[in-house]
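For reference, work_8.cif is printed below; it contains mmCIF, C-alpha atoms and all ligand atoms.
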data_input
#
loop_
_atom_site.group_PDB
_atom_site.id
_atom_site.type_symbol
_atom_site.label_atom_id
_atom_site.label_comp_id
_atom_site.auth_asym_id
_atom_site.auth_seq_id
_atom_site.Cartn_x
_atom_site.Cartn_y
_atom_site.Cartn_z
ATOM 1 C CA MET A 10 2.761 -1.494 -32.513
ATOM 2 C CA ALA A 11 4.209 -2.923 -29.304
ATOM 3 C CA LYS A 12 2.980 -1.218 -26.137
ATOM 4 C CA LYS A 13 5.537 0.947 -24.362
ATOM 5 C CA LEU A 14 6.082 0.022 -20.712
ATOM 6 C CA LEU A 15 8.178 1.823 -18.125
ATOM 7 C CA ILE A 16 9.749 -0.320 -15.397
ATOM 8 C CA LEU A 17 10.748 1.671 -12.328
ATOM 9 C CA HIS A 18 13.120 -0.251 -10.067
ATOM 10 C CA THR A 19 13.125 0.954 -6.460
ATOM 11 C CA GLY A 20 15.194 -1.829 -4.826
ATOM 12 C CA GLY A 21 14.185 -4.602 -2.396
ATOM 13 C CA THR A 22 14.991 -8.311 -2.446
ATOM 14 C CA ILE A 23 14.032 -8.528 -6.142
ATOM 15 C CA SER A 24 17.096 -6.332 -6.847
ATOM 16 C CA MET A 25 19.401 -8.014 -4.314
ATOM 17 C CA SER A 26 21.716 -11.057 -4.247
ATOM 18 C CA GLU A 27 22.702 -13.580 -1.619
ATOM 19 C CA GLY A 28 26.350 -13.580 -0.536
ATOM 20 C CA LYS A 29 28.512 -16.595 0.473
ATOM 21 C CA ASP A 30 27.582 -15.951 4.110
ATOM 22 C CA GLY A 31 23.889 -16.426 3.252
ATOM 23 C CA LYS A 32 23.054 -12.765 3.886
ATOM 24 C CA VAL A 33 21.044 -10.829 1.300
ATOM 25 C CA SER A 34 22.161 -7.346 0.276
ATOM 26 C CA PRO A 35 21.824 -4.749 -2.500
ATOM 27 C CA SER A 36 24.580 -4.316 -5.072
ATOM 28 C CA ALA A 37 25.479 -1.316 -7.229
ATOM 29 C CA GLU A 38 24.258 -3.128 -10.374
ATOM 30 C CA ASN A 39 20.670 -4.359 -10.195
ATOM 31 C CA PRO A 40 20.939 -8.085 -11.221
ATOM 32 C CA LEU A 41 17.457 -7.909 -12.789
ATOM 33 C CA VAL A 42 18.641 -5.587 -15.528
ATOM 34 C CA ALA A 43 20.950 -8.213 -17.054
ATOM 35 C CA LEU A 44 18.211 -10.862 -16.865
ATOM 36 C CA LEU A 45 15.428 -8.975 -18.640
ATOM 37 C CA HIS A 46 16.145 -10.686 -21.985
ATOM 38 C CA LYS A 47 14.904 -13.963 -20.442
ATOM 39 C CA LEU A 48 11.357 -12.623 -20.166
ATOM 40 C CA ASN A 49 8.658 -13.539 -22.625
ATOM 41 C CA HIS A 50 6.297 -10.654 -23.484
ATOM 42 C CA PRO A 51 5.388 -8.464 -26.465
ATOM 43 C CA ALA A 52 6.228 -5.090 -24.835
ATOM 44 C CA GLN A 53 8.748 -2.407 -25.680
ATOM 45 C CA LEU A 54 10.469 -2.033 -22.298
ATOM 46 C CA HIS A 55 12.236 0.986 -20.822
ATOM 47 C CA GLN A 56 13.700 0.727 -17.359
ATOM 48 C CA GLU A 57 14.980 3.166 -14.771
ATOM 49 C CA ALA A 58 16.497 2.579 -11.350
ATOM 50 C CA ILE A 59 14.677 5.435 -9.687
ATOM 51 C CA PHE A 60 16.055 4.256 -6.294
ATOM 52 C CA ASN A 61 17.977 1.227 -5.066
ATOM 53 C CA LEU A 62 16.649 0.938 -1.541
ATOM 54 C CA PRO A 63 15.527 -1.792 0.814
ATOM 55 C CA SER A 64 11.848 -1.017 1.318
ATOM 56 C CA PRO A 65 12.170 -0.181 5.048
ATOM 57 C CA HIS A 66 14.125 2.873 3.776
ATOM 58 C CA ILE A 67 11.237 4.087 1.602
ATOM 59 C CA THR A 68 9.598 7.313 2.841
ATOM 60 C CA LEU A 69 6.837 9.658 1.859
ATOM 61 C CA ASP A 70 9.336 11.622 -0.264
ATOM 62 C CA HIS A 71 10.006 8.496 -2.333
ATOM 63 C CA TRP A 72 6.258 7.975 -2.816
ATOM 64 C CA TRP A 73 6.006 11.542 -4.042
ATOM 65 C CA GLN A 74 8.932 11.118 -6.462
ATOM 66 C CA LEU A 75 7.339 7.962 -7.844
ATOM 67 C CA LYS A 76 3.999 9.748 -8.302
ATOM 68 C CA GLU A 77 5.648 12.617 -10.176
ATOM 69 C CA ARG A 78 7.768 10.318 -12.354
ATOM 70 C CA ILE A 79 4.777 8.165 -13.311
ATOM 71 C CA GLU A 80 2.548 11.150 -14.116
ATOM 72 C CA GLN A 81 5.317 12.634 -16.275
ATOM 73 C CA ALA A 82 5.865 9.280 -18.037
ATOM 74 C CA VAL A 83 2.188 9.076 -18.924
ATOM 75 C CA GLN A 84 1.386 12.716 -19.661
ATOM 76 C CA GLN A 85 4.599 13.708 -21.472
ATOM 77 C CA GLU A 86 6.242 10.506 -22.703
ATOM 78 C CA GLY A 87 3.247 8.457 -23.802
ATOM 79 C CA PHE A 88 3.844 5.252 -21.842
ATOM 80 C CA ASP A 89 1.030 2.680 -22.015
ATOM 81 C CA GLY A 90 1.704 0.990 -18.687
ATOM 82 C CA ILE A 91 3.940 1.155 -15.602
ATOM 83 C CA VAL A 92 5.641 -1.635 -13.645
ATOM 84 C CA ILE A 93 7.289 -0.905 -10.304
ATOM 85 C CA THR A 94 9.684 -3.317 -8.606
ATOM 86 C CA HIS A 95 9.856 -2.827 -4.834
ATOM 87 C CA GLY A 96 10.886 -4.460 -1.562
ATOM 88 C CA THR A 97 8.043 -6.484 -0.113
ATOM 89 C CA ASP A 98 8.218 -5.137 3.451
ATOM 90 C CA THR A 99 6.482 -1.843 2.594
ATOM 91 C CA LEU A 100 5.270 -2.660 -0.932
ATOM 92 C CA GLU A 101 1.620 -2.544 0.126
ATOM 93 C CA GLU A 102 2.051 0.995 1.470
ATOM 94 C CA THR A 103 3.710 2.397 -1.654
ATOM 95 C CA ALA A 104 1.024 0.620 -3.702
ATOM 96 C CA TYR A 105 -1.836 2.145 -1.688
ATOM 97 C CA PHE A 106 -0.379 5.659 -1.629
ATOM 98 C CA LEU A 107 -0.056 5.582 -5.432
ATOM 99 C CA ASP A 108 -3.492 3.970 -5.728
ATOM 100 C CA LEU A 109 -5.037 6.944 -3.922
ATOM 101 C CA ALA A 110 -2.858 9.767 -5.221
ATOM 102 C CA LEU A 111 -1.848 8.923 -8.814
ATOM 103 C CA ASN A 112 -3.596 10.887 -11.516
ATOM 104 C CA VAL A 113 -3.230 8.430 -14.434
ATOM 105 C CA ASP A 114 -5.555 5.998 -16.210
ATOM 106 C CA ILE A 115 -3.085 3.459 -17.610
ATOM 107 C CA PRO A 116 -2.384 0.160 -15.781
ATOM 108 C CA VAL A 117 0.126 0.355 -12.922
ATOM 109 C CA ALA A 118 1.463 -2.950 -11.528
ATOM 110 C CA ILE A 119 3.853 -3.347 -8.617
ATOM 111 C CA THR A 120 5.831 -6.445 -7.757
ATOM 112 C CA GLY A 121 8.734 -7.730 -5.672
ATOM 113 C CA ALA A 122 10.329 -11.004 -4.655
ATOM 114 C CA MET A 123 10.739 -13.049 -1.520
ATOM 115 C CA ARG A 124 13.946 -14.710 -2.764
ATOM 116 C CA SER A 125 16.790 -12.654 -4.164
ATOM 117 C CA SER A 126 18.133 -12.986 -7.712
ATOM 118 C CA ASN A 127 20.623 -15.839 -7.131
ATOM 119 C CA GLU A 128 18.738 -17.837 -4.481
ATOM 120 C CA LEU A 129 17.311 -21.281 -5.282
ATOM 121 C CA GLY A 130 13.718 -20.887 -6.466
ATOM 122 C CA SER A 131 14.065 -17.138 -6.898
ATOM 123 C CA ASP A 132 10.648 -15.627 -7.667
ATOM 124 C CA GLY A 133 11.850 -12.243 -8.978
ATOM 125 C CA LEU A 134 11.847 -12.868 -12.726
ATOM 126 C CA ILE A 135 8.496 -14.655 -12.861
ATOM 127 C CA ASN A 136 6.883 -11.955 -10.710
ATOM 128 C CA LEU A 137 8.333 -9.290 -13.005
ATOM 129 C CA GLN A 138 7.115 -11.105 -16.109
ATOM 130 C CA ASN A 139 3.620 -11.433 -14.590
ATOM 131 C CA ALA A 140 3.578 -7.748 -13.622
ATOM 132 C CA ILE A 141 4.519 -6.856 -17.217
ATOM 133 C CA LEU A 142 1.652 -9.009 -18.535
ATOM 134 C CA VAL A 143 -0.756 -7.311 -16.105
ATOM 135 C CA ALA A 144 0.467 -3.848 -17.143
ATOM 136 C CA LEU A 145 -0.043 -4.825 -20.820
ATOM 137 C CA CYS A 146 -3.577 -6.115 -20.273
ATOM 138 C CA ALA A 147 -6.357 -3.694 -21.327
ATOM 139 C CA GLU A 148 -8.584 -5.011 -18.524
ATOM 140 C CA SER A 149 -6.067 -3.770 -15.926
ATOM 141 C CA GLN A 150 -7.118 -0.170 -16.615
ATOM 142 C CA HIS A 151 -9.220 1.716 -14.045
ATOM 143 C CA LYS A 152 -8.421 -0.798 -11.311
ATOM 144 C CA GLY A 153 -5.973 1.389 -9.410
ATOM 145 C CA VAL A 154 -2.531 0.050 -8.556
ATOM 146 C CA LEU A 155 -2.326 -3.740 -8.834
ATOM 147 C CA VAL A 156 -0.011 -5.860 -6.691
ATOM 148 C CA VAL A 157 1.237 -8.839 -8.701
ATOM 149 C CA MET A 158 2.971 -11.578 -6.700
ATOM 150 C CA ASN A 159 3.053 -15.377 -6.848
ATOM 151 C CA ASP A 160 0.706 -15.619 -9.884
ATOM 152 C CA GLU A 161 -1.980 -13.549 -8.111
ATOM 153 C CA ILE A 162 -3.283 -10.017 -8.661
ATOM 154 C CA HIS A 163 -4.483 -7.951 -5.687
ATOM 155 C CA HIS A 164 -5.989 -4.490 -5.366
ATOM 156 C CA ALA A 165 -3.607 -2.200 -3.473
ATOM 157 C CA LYS A 166 -6.311 -1.196 -0.989
ATOM 158 C CA PHE A 167 -6.591 -4.409 1.018
ATOM 159 C CA VAL A 168 -3.533 -6.527 0.156
ATOM 160 C CA THR A 169 -1.016 -7.220 2.897
ATOM 161 C CA LYS A 170 2.201 -9.141 3.514
ATOM 162 C CA THR A 171 1.302 -12.106 5.733
ATOM 163 C CA HIS A 172 4.460 -14.216 5.958
ATOM 164 C CA THR A 173 8.063 -13.250 6.595
ATOM 165 C CA THR A 174 9.633 -15.595 4.011
ATOM 166 C CA ASN A 175 7.050 -17.650 2.072
ATOM 167 C CA VAL A 176 6.575 -16.714 -1.612
ATOM 168 C CA ALA A 177 2.785 -16.883 -1.067
ATOM 169 C CA THR A 178 3.027 -14.029 1.403
ATOM 170 C CA PHE A 179 0.676 -11.463 -0.189
ATOM 171 C CA GLN A 180 -2.990 -11.945 0.626
ATOM 172 C CA THR A 181 -6.172 -9.906 0.575
ATOM 173 C CA PRO A 182 -7.936 -10.822 3.823
ATOM 174 C CA THR A 183 -11.746 -11.035 3.728
ATOM 175 C CA PHE A 184 -12.039 -10.645 -0.071
ATOM 176 C CA GLY A 185 -9.214 -12.632 -1.742
ATOM 177 C CA PRO A 186 -7.252 -11.713 -4.917
ATOM 178 C CA CYS A 187 -9.008 -9.968 -7.822
ATOM 179 C CA GLY A 188 -7.262 -11.977 -10.525
ATOM 180 C CA LEU A 189 -4.661 -14.518 -11.543
ATOM 181 C CA VAL A 190 -1.841 -14.840 -14.006
ATOM 182 C CA ALA A 191 -2.138 -18.391 -15.331
ATOM 183 C CA LYS A 192 0.968 -19.037 -17.440
ATOM 184 C CA ASN A 193 0.690 -16.180 -19.949
ATOM 185 C CA ARG A 194 -2.967 -15.313 -19.372
ATOM 186 C CA VAL A 195 -4.257 -12.537 -17.140
ATOM 187 C CA ILE A 196 -7.682 -13.378 -15.711
ATOM 188 C CA TYR A 197 -9.793 -11.085 -13.524
ATOM 189 C CA PHE A 198 -12.707 -12.517 -11.560
ATOM 190 C CA GLN A 199 -13.767 -9.740 -9.156
ATOM 191 C CA GLN A 200 -13.329 -6.003 -8.679
ATOM 192 C CA LEU A 201 -13.693 -3.340 -6.017
ATOM 193 C CA ASN A 202 -17.126 -1.753 -6.178
ATOM 194 C CA HIS A 203 -15.786 1.530 -4.869
ATOM 195 C CA TYR A 204 -12.482 2.733 -6.311
ATOM 196 C CA GLU A 205 -11.379 6.104 -4.938
ATOM 197 C CA ARG A 206 -8.723 8.535 -6.067
ATOM 198 C CA PHE A 207 -7.635 11.843 -4.551
ATOM 199 C CA PRO A 208 -5.352 13.859 -6.860
ATOM 200 C CA VAL A 209 -3.464 15.390 -3.950
ATOM 201 C CA ALA A 210 -1.296 18.382 -4.973
ATOM 202 C CA HIS A 211 1.017 18.518 -1.928
ATOM 203 C CA LEU A 212 1.724 16.775 1.358
ATOM 204 C CA HIS A 213 2.025 19.365 4.124
ATOM 205 C CA LYS A 214 0.348 17.492 6.987
ATOM 206 C CA THR A 215 2.400 14.339 7.361
ATOM 207 C CA ASN A 216 2.542 13.656 11.089
ATOM 208 C CA VAL A 217 -0.001 10.833 11.202
ATOM 209 C CA GLN A 218 0.779 8.262 13.889
ATOM 210 C CA LEU A 219 -0.201 4.580 14.128
ATOM 211 C CA VAL A 220 -0.757 2.941 17.528
ATOM 212 C CA LYS A 221 -1.614 -0.684 18.267
ATOM 213 C CA SER A 222 -3.897 -1.517 21.203
ATOM 214 C CA TYR A 223 -3.504 -4.459 23.612
ATOM 215 C CA ALA A 224 -5.117 -5.909 26.710
ATOM 216 C CA GLY A 225 -4.533 -3.580 29.636
ATOM 217 C CA MET A 226 -3.340 -0.687 27.437
ATOM 218 C CA ASP A 227 -3.274 2.639 29.275
ATOM 219 C CA SER A 228 -3.526 6.215 27.999
ATOM 220 C CA PHE A 229 0.205 6.980 28.103
ATOM 221 C CA LEU A 230 0.970 7.004 24.356
ATOM 222 C CA LEU A 231 -2.306 8.640 23.332
ATOM 223 C CA THR A 232 -1.944 11.409 25.930
ATOM 224 C CA GLN A 233 1.647 12.017 24.817
ATOM 225 C CA LEU A 234 0.463 12.382 21.210
ATOM 226 C CA ALA A 235 -2.268 14.811 22.279
ATOM 227 C CA GLN A 236 0.242 16.892 24.255
ATOM 228 C CA GLN A 237 2.995 16.883 21.632
ATOM 229 C CA GLY A 238 0.485 17.485 18.828
ATOM 230 C CA CYS A 239 0.189 15.624 15.526
ATOM 231 C CA ASP A 240 -2.027 15.728 12.424
ATOM 232 C CA GLY A 241 -3.903 12.496 13.057
ATOM 233 C CA VAL A 242 -3.835 9.154 14.875
ATOM 234 C CA VAL A 243 -4.849 5.701 13.648
ATOM 235 C CA ILE A 244 -5.487 3.109 16.337
ATOM 236 C CA GLU A 245 -5.492 -0.629 15.700
ATOM 237 C CA ALA A 246 -8.339 -1.439 18.078
ATOM 238 C CA LEU A 247 -9.463 -4.770 19.518
ATOM 239 C CA GLY A 248 -11.943 -7.021 17.680
ATOM 240 C CA ALA A 249 -14.824 -5.214 15.974
ATOM 241 C CA GLY A 250 -13.559 -1.830 17.240
ATOM 242 C CA ASN A 251 -13.230 -1.633 21.023
ATOM 243 C CA LEU A 252 -10.567 -0.325 23.407
ATOM 244 C CA PRO A 253 -9.673 -0.960 27.036
ATOM 245 C CA PRO A 254 -11.442 1.633 29.263
ATOM 246 C CA THR A 255 -8.019 2.776 30.472
ATOM 247 C CA CYS A 256 -7.449 4.278 26.968
ATOM 248 C CA LEU A 257 -10.448 6.577 27.133
ATOM 249 C CA GLU A 258 -8.614 9.418 28.833
ATOM 250 C CA GLY A 259 -6.126 9.407 25.923
ATOM 251 C CA ILE A 260 -8.905 9.320 23.318
ATOM 252 C CA SER A 261 -10.626 12.286 24.986
ATOM 253 C CA ALA A 262 -7.327 14.206 25.072
ATOM 254 C CA LEU A 263 -6.773 13.626 21.329
ATOM 255 C CA LEU A 264 -10.307 14.656 20.395
ATOM 256 C CA ALA A 265 -10.158 17.705 22.676
ATOM 257 C CA ALA A 266 -6.962 18.724 20.835
ATOM 258 C CA LYS A 267 -8.949 18.403 17.541
ATOM 259 C CA ILE A 268 -6.713 15.558 16.364
ATOM 260 C CA PRO A 269 -8.696 13.135 14.161
ATOM 261 C CA VAL A 270 -8.712 9.568 15.489
ATOM 262 C CA VAL A 271 -9.360 6.722 13.019
ATOM 263 C CA LEU A 272 -10.081 3.236 14.307
ATOM 264 C CA VAL A 273 -9.199 0.006 12.473
ATOM 265 C CA SER A 274 -9.118 -3.494 13.916
ATOM 266 C CA ARG A 275 -5.944 -5.315 14.833
ATOM 267 C CA ALA A 276 -7.798 -8.480 13.694
ATOM 268 C CA PHE A 277 -6.631 -9.797 10.308
ATOM 269 C CA ASN A 278 -10.127 -10.187 8.794
ATOM 270 C CA GLY A 279 -13.307 -8.134 8.845
ATOM 271 C CA ILE A 280 -14.399 -4.525 9.368
ATOM 272 C CA THR A 281 -14.830 -2.280 12.415
ATOM 273 C CA GLN A 282 -18.346 -1.543 13.692
ATOM 274 C CA ASP A 283 -19.823 0.320 16.638
ATOM 275 C CA VAL A 284 -21.717 -2.719 17.922
ATOM 276 C CA TYR A 285 -20.518 -3.044 21.520
ATOM 277 C CA ASP A 286 -22.200 -0.907 24.166
ATOM 278 C CA TYR A 287 -19.905 -0.928 27.213
ATOM 279 C CA LEU A 288 -17.142 1.279 28.594
ATOM 280 C CA GLY A 289 -14.525 1.499 25.777
ATOM 281 C CA GLY A 290 -16.902 -0.284 23.364
ATOM 282 C CA GLY A 291 -17.396 0.838 19.761
ATOM 283 C CA LYS A 292 -20.733 2.576 20.363
ATOM 284 C CA GLN A 293 -19.226 4.957 22.891
ATOM 285 C CA LEU A 294 -16.054 5.552 20.836
ATOM 286 C CA LYS A 295 -18.093 6.478 17.770
ATOM 287 C CA GLN A 296 -20.335 8.792 19.799
ATOM 288 C CA GLN A 297 -17.221 10.509 21.142
ATOM 289 C CA GLY A 298 -16.094 11.277 17.558
ATOM 290 C CA VAL A 299 -13.761 8.404 16.681
ATOM 291 C CA ILE A 300 -13.920 7.514 12.943
ATOM 292 C CA PHE A 301 -14.526 3.833 12.057
ATOM 293 C CA THR A 302 -13.122 2.213 8.862
ATOM 294 C CA GLN A 303 -14.300 -0.528 6.523
ATOM 295 C CA GLY A 304 -11.600 -3.190 6.331
ATOM 296 C CA LEU A 305 -8.458 -1.070 5.980
ATOM 297 C CA SER A 306 -5.400 -2.186 7.939
ATOM 298 C CA GLY A 307 -3.671 0.279 10.258
ATOM 299 C CA GLN A 308 -0.912 1.093 7.762
ATOM 300 C CA LYS A 309 -3.439 1.643 4.953
ATOM 301 C CA ALA A 310 -5.768 3.784 7.093
ATOM 302 C CA ARG A 311 -2.755 5.908 8.025
ATOM 303 C CA ILE A 312 -2.044 6.570 4.329
ATOM 304 C CA LYS A 313 -5.682 7.355 3.571
ATOM 305 C CA LEU A 314 -5.888 9.777 6.507
ATOM 306 C CA LEU A 315 -2.649 11.416 5.389
ATOM 307 C CA VAL A 316 -3.912 11.875 1.828
ATOM 308 C CA LEU A 317 -7.298 13.199 3.015
ATOM 309 C CA LEU A 318 -5.687 15.669 5.425
ATOM 310 C CA ASN A 319 -3.870 17.220 2.458
ATOM 311 C CA GLN A 320 -6.938 17.453 0.260
ATOM 312 C CA PRO A 321 -9.854 19.901 0.147
ATOM 313 C CA LEU A 322 -12.880 17.870 1.317
ATOM 314 C CA ASN A 323 -16.539 18.417 0.442
ATOM 315 C CA SER A 324 -17.828 16.928 3.666
ATOM 316 C CA SER A 325 -16.487 15.709 7.003
ATOM 317 C CA LEU A 326 -13.472 13.393 7.180
ATOM 318 C CA ARG A 327 -15.717 10.690 8.644
ATOM 319 C CA ASP A 328 -17.716 10.451 5.381
ATOM 320 C CA TYR A 329 -14.590 9.344 3.487
ATOM 321 C CA PHE A 330 -13.847 6.293 5.641
HETATM 322 N N1 LIG B 401 13.543 -6.536 3.341
HETATM 323 C C1 LIG B 401 13.221 -6.614 1.951
HETATM 324 C C2 LIG B 401 12.680 -5.272 1.491
HETATM 325 O O1 LIG B 401 11.530 -4.985 1.732
HETATM 326 C C3 LIG B 401 12.223 -7.682 1.740
HETATM 327 C C4 LIG B 401 11.830 -7.927 0.317
HETATM 328 O O2 LIG B 401 12.036 -7.153 -0.570
HETATM 329 O O3 LIG B 401 11.254 -9.001 0.078
HETATM 330 O O4 LIG B 401 13.393 -4.512 0.906
#
The structure in this file should be written as structure tokens.
Ligand code: ASP
Amino acid sequence: MAKKLLILHTGGTISMSEGKDGKVSPSAENPLVALLHKLNHPAQLHQEAIFNLPSPHITLDHWWQLKERIEQAVQQEGFDGIVITHGTDTLEETAYFLDLALNVDIPVAITGAMRSSNELGSDGLINLQNAILVALCAESQHKGVLVVMNDEIHHAKFVTKTHTTNVATFQTPTFGPCGLVAKNRVIYFQQLNHYERFPVAHLHKTNVQLVKSYAGMDSFLLTQLAQQGCDGVVIEALGAGNLPPTCLEGISALLAAKIPVVLVSRAFNGITQDVYDYLGGGKQLKQQGVIFTQGLSGQKARIKLLVLLNQPLNSSLRDYF
């Protein structure tokens, strides 16, 4: 019997069209829906336009609605796989939230497009077909949410958008993709050795802020956050995990206010480490209580912190990063 797949359209360029003025915009009717018959796959497809939003409009509430819809589709309606279509600007964040929070074991693939439905060289249909093939593939199970773009498959945890317009925009820095779609074949060649899932039941603590560091940065923003109060702060630090000494007052203020501070690097590749022993260096930051991460980007670390803050933990927050 053909496998039953649910396609959840959320909007983005893949669901948009280019007008005569060259501008790209959403329309009431998703152009993808009329084109589905062109795809070549053995699945029984059901589709729903759960939202029709450009991805900069996607919020935590939308992530939650997607989580609930997917869990219902699997637990009550017997779907064998899920495909999500999404705008590429925040696709990696929706993918990682679902990767951490979804409580399902069937394959979940997410895709988008860099060129809208009627642009020359539009990549929407082929990306959708590839995502369907990935969602149908038995090997895609237990891999978390998979981002399928430009014939590549990436784990949600590390993938990021790297180019504003190029169709080869999605990359996994440091590690590379985990698989390929070569014509109609899905091929995996590596996997994460540590796949984590937190079946979060609610999101009450959602004020987690993300701050980028820079040469000469002062403590203004960090002190403001400490004074105003928030649930957590992620800082995109310099290099291997260092900050200008002029930030230290802000770091101390956050930690004194019992606000968790997670450090990632603003560098594209690599992990943060407490190797440097100077004022503002990683060694001192870690001793002060700042939490270091292993290769997550700022936007991903923010999601992980958010999920962990809403979850009963068996040990300290630091142990989870
Ligand atoms: N701005 C668009 C969006 O994220 C970009 C895209 O989908 O490629 O909705």
As AutoDock Vina command-line options, please: the centre and edge lengths in Å, to one decimal, of an axis-aligned box enclosing every listed atom of ligand LIG 401 (chain B) with 3 Å added on each side.
--center_x 12.4 --center_y -6.8 --center_z 1.4 --size_x 8.3 --size_y 10.5 --size_z 9.9
Fill in: Using only C-alpha atoms: which of A:His213, A:Lys192, A:Lys309, A:Arg206 has the shortest distance to Glu245 (chain A)
A:Lys309
Evaluate the PyMOL selection byres (((not hetatm)) within 7 of (chain B and resi 401)) on the structure here and hand back the selected residues as a PDB file with C-alpha atoms, in the coordinates of the input.
ATOM      1  CA  GLY A  20      15.194  -1.829  -4.826  1.00  0.00           C
ATOM      2  CA  GLY A  21      14.185  -4.602  -2.396  1.00  0.00           C
ATOM      3  CA  THR A  22      14.991  -8.311  -2.446  1.00  0.00           C
ATOM      4  CA  ILE A  23      14.032  -8.528  -6.142  1.00  0.00           C
ATOM      5  CA  LEU A  62      16.649   0.938  -1.541  1.00  0.00           C
ATOM      6  CA  PRO A  63      15.527  -1.792   0.814  1.00  0.00           C
ATOM      7  CA  SER A  64      11.848  -1.017   1.318  1.00  0.00           C
ATOM      8  CA  PRO A  65      12.170  -0.181   5.048  1.00  0.00           C
ATOM      9  CA  HIS A  95       9.856  -2.827  -4.834  1.00  0.00           C
ATOM     10  CA  GLY A  96      10.886  -4.460  -1.562  1.00  0.00           C
ATOM     11  CA  THR A  97       8.043  -6.484  -0.113  1.00  0.00           C
ATOM     12  CA  ASP A  98       8.218  -5.137   3.451  1.00  0.00           C
ATOM     13  CA  THR A  99       6.482  -1.843   2.594  1.00  0.00           C
ATOM     14  CA  GLY A 121       8.734  -7.730  -5.672  1.00  0.00           C
ATOM     15  CA  ALA A 122      10.329 -11.004  -4.655  1.00  0.00           C
ATOM     16  CA  MET A 123      10.739 -13.049  -1.520  1.00  0.00           C
ATOM     17  CA  ARG A 124      13.946 -14.710  -2.764  1.00  0.00           C
TER      18      ARG A 124
END
Worksheet item: On this structure, which residues satisfy the PyMOL selection byres (((chain A and resi 205) around 9) and not hetatm), written as JSON, numbers by chain?
Response: {"A": [108, 109, 153, 203, 204, 206, 207]}
Next, the residues of the selection above should be written as a PDB file, keeping the file's coordinate frame with C-alpha atoms.
ATOM      1  CA  ASP A 108      -3.492   3.970  -5.728  1.00  0.00           C
ATOM      2  CA  LEU A 109      -5.037   6.944  -3.922  1.00  0.00           C
ATOM      3  CA  GLY A 153      -5.973   1.389  -9.410  1.00  0.00           C
ATOM      4  CA  HIS A 203     -15.786   1.530  -4.869  1.00  0.00           C
ATOM      5  CA  TYR A 204     -12.482   2.733  -6.311  1.00  0.00           C
ATOM      6  CA  ARG A 206      -8.723   8.535  -6.067  1.00  0.00           C
ATOM      7  CA  PHE A 207      -7.635  11.843  -4.551  1.00  0.00           C
TER       8      PHE A 207
END
Worksheet item: If the PyMOL selection byres (((chain A and resi 314) around 10) and not hetatm) is run on the structure shown, which residues does it catch, given as an NGL selection string?
Response: :A and (214-215 or 217 or 240-243 or 269-271 or 309-313 or 315-320 or 326 or 329-330)
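Using all atoms listed in the file for every distance, the candidate list A:Ile196, A:Val273, A:Leu294, A:Val42 yields A:Leu294 as the residue closest to Pro253 (chain A).
Interatomic distance, CA of Gly225 (chain A) against CA of Gly259 (chain A): 13.6 Å.
Across the structure, CA of Leu14 (chain A) and CA of Ala52 (chain A) are spaced 6.6 Å apart.
The closest residue to Gly87 (chain A), picked from A:Glu101, A:Asp283, A:Asp114, A:Asp70 and counting all atoms listed in the file, is A:Asp114.
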Hey, could you make a per-residue contact list for region 68-142 of chain A against region 25-34 of chain A with 7 Å as the cut-off, showing the nearest pair of atoms and its distance in Å to one decimal, counting all atoms listed in the file, sorted by chain and number, as CSV?
residue,atom,partner,partner_atom,distance
A:Ser125,CA,A:Ser26,CA,5.2
A:Ser126,CA,A:Ser26,CA,5.3
A:Asn127,CA,A:Ser26,CA,5.7
A:Glu128,CA,A:Glu27,CA,6.5
Item to complete: Give as a PyMOL selection string every residue, naming chains and numbers as the document does, that has an atom within 10 Å of (7.5, 2.8, -23.7), counting all atoms listed in the file.
Response: chain A and resi 11-16+52-56+82-83+86-91
Item to complete: Calculate how many Å separate CA of Asn159 (chain A) from CA of Ala177 (chain A), rounding to one decimal.
Response: 6.0 Å
Fill in: Who sits within 7 Å of Thr19 (chain A), only C-alpha atoms, same chain under 5 positions skipped, as a ChimeraX atom specification
/A:58-62,94-95
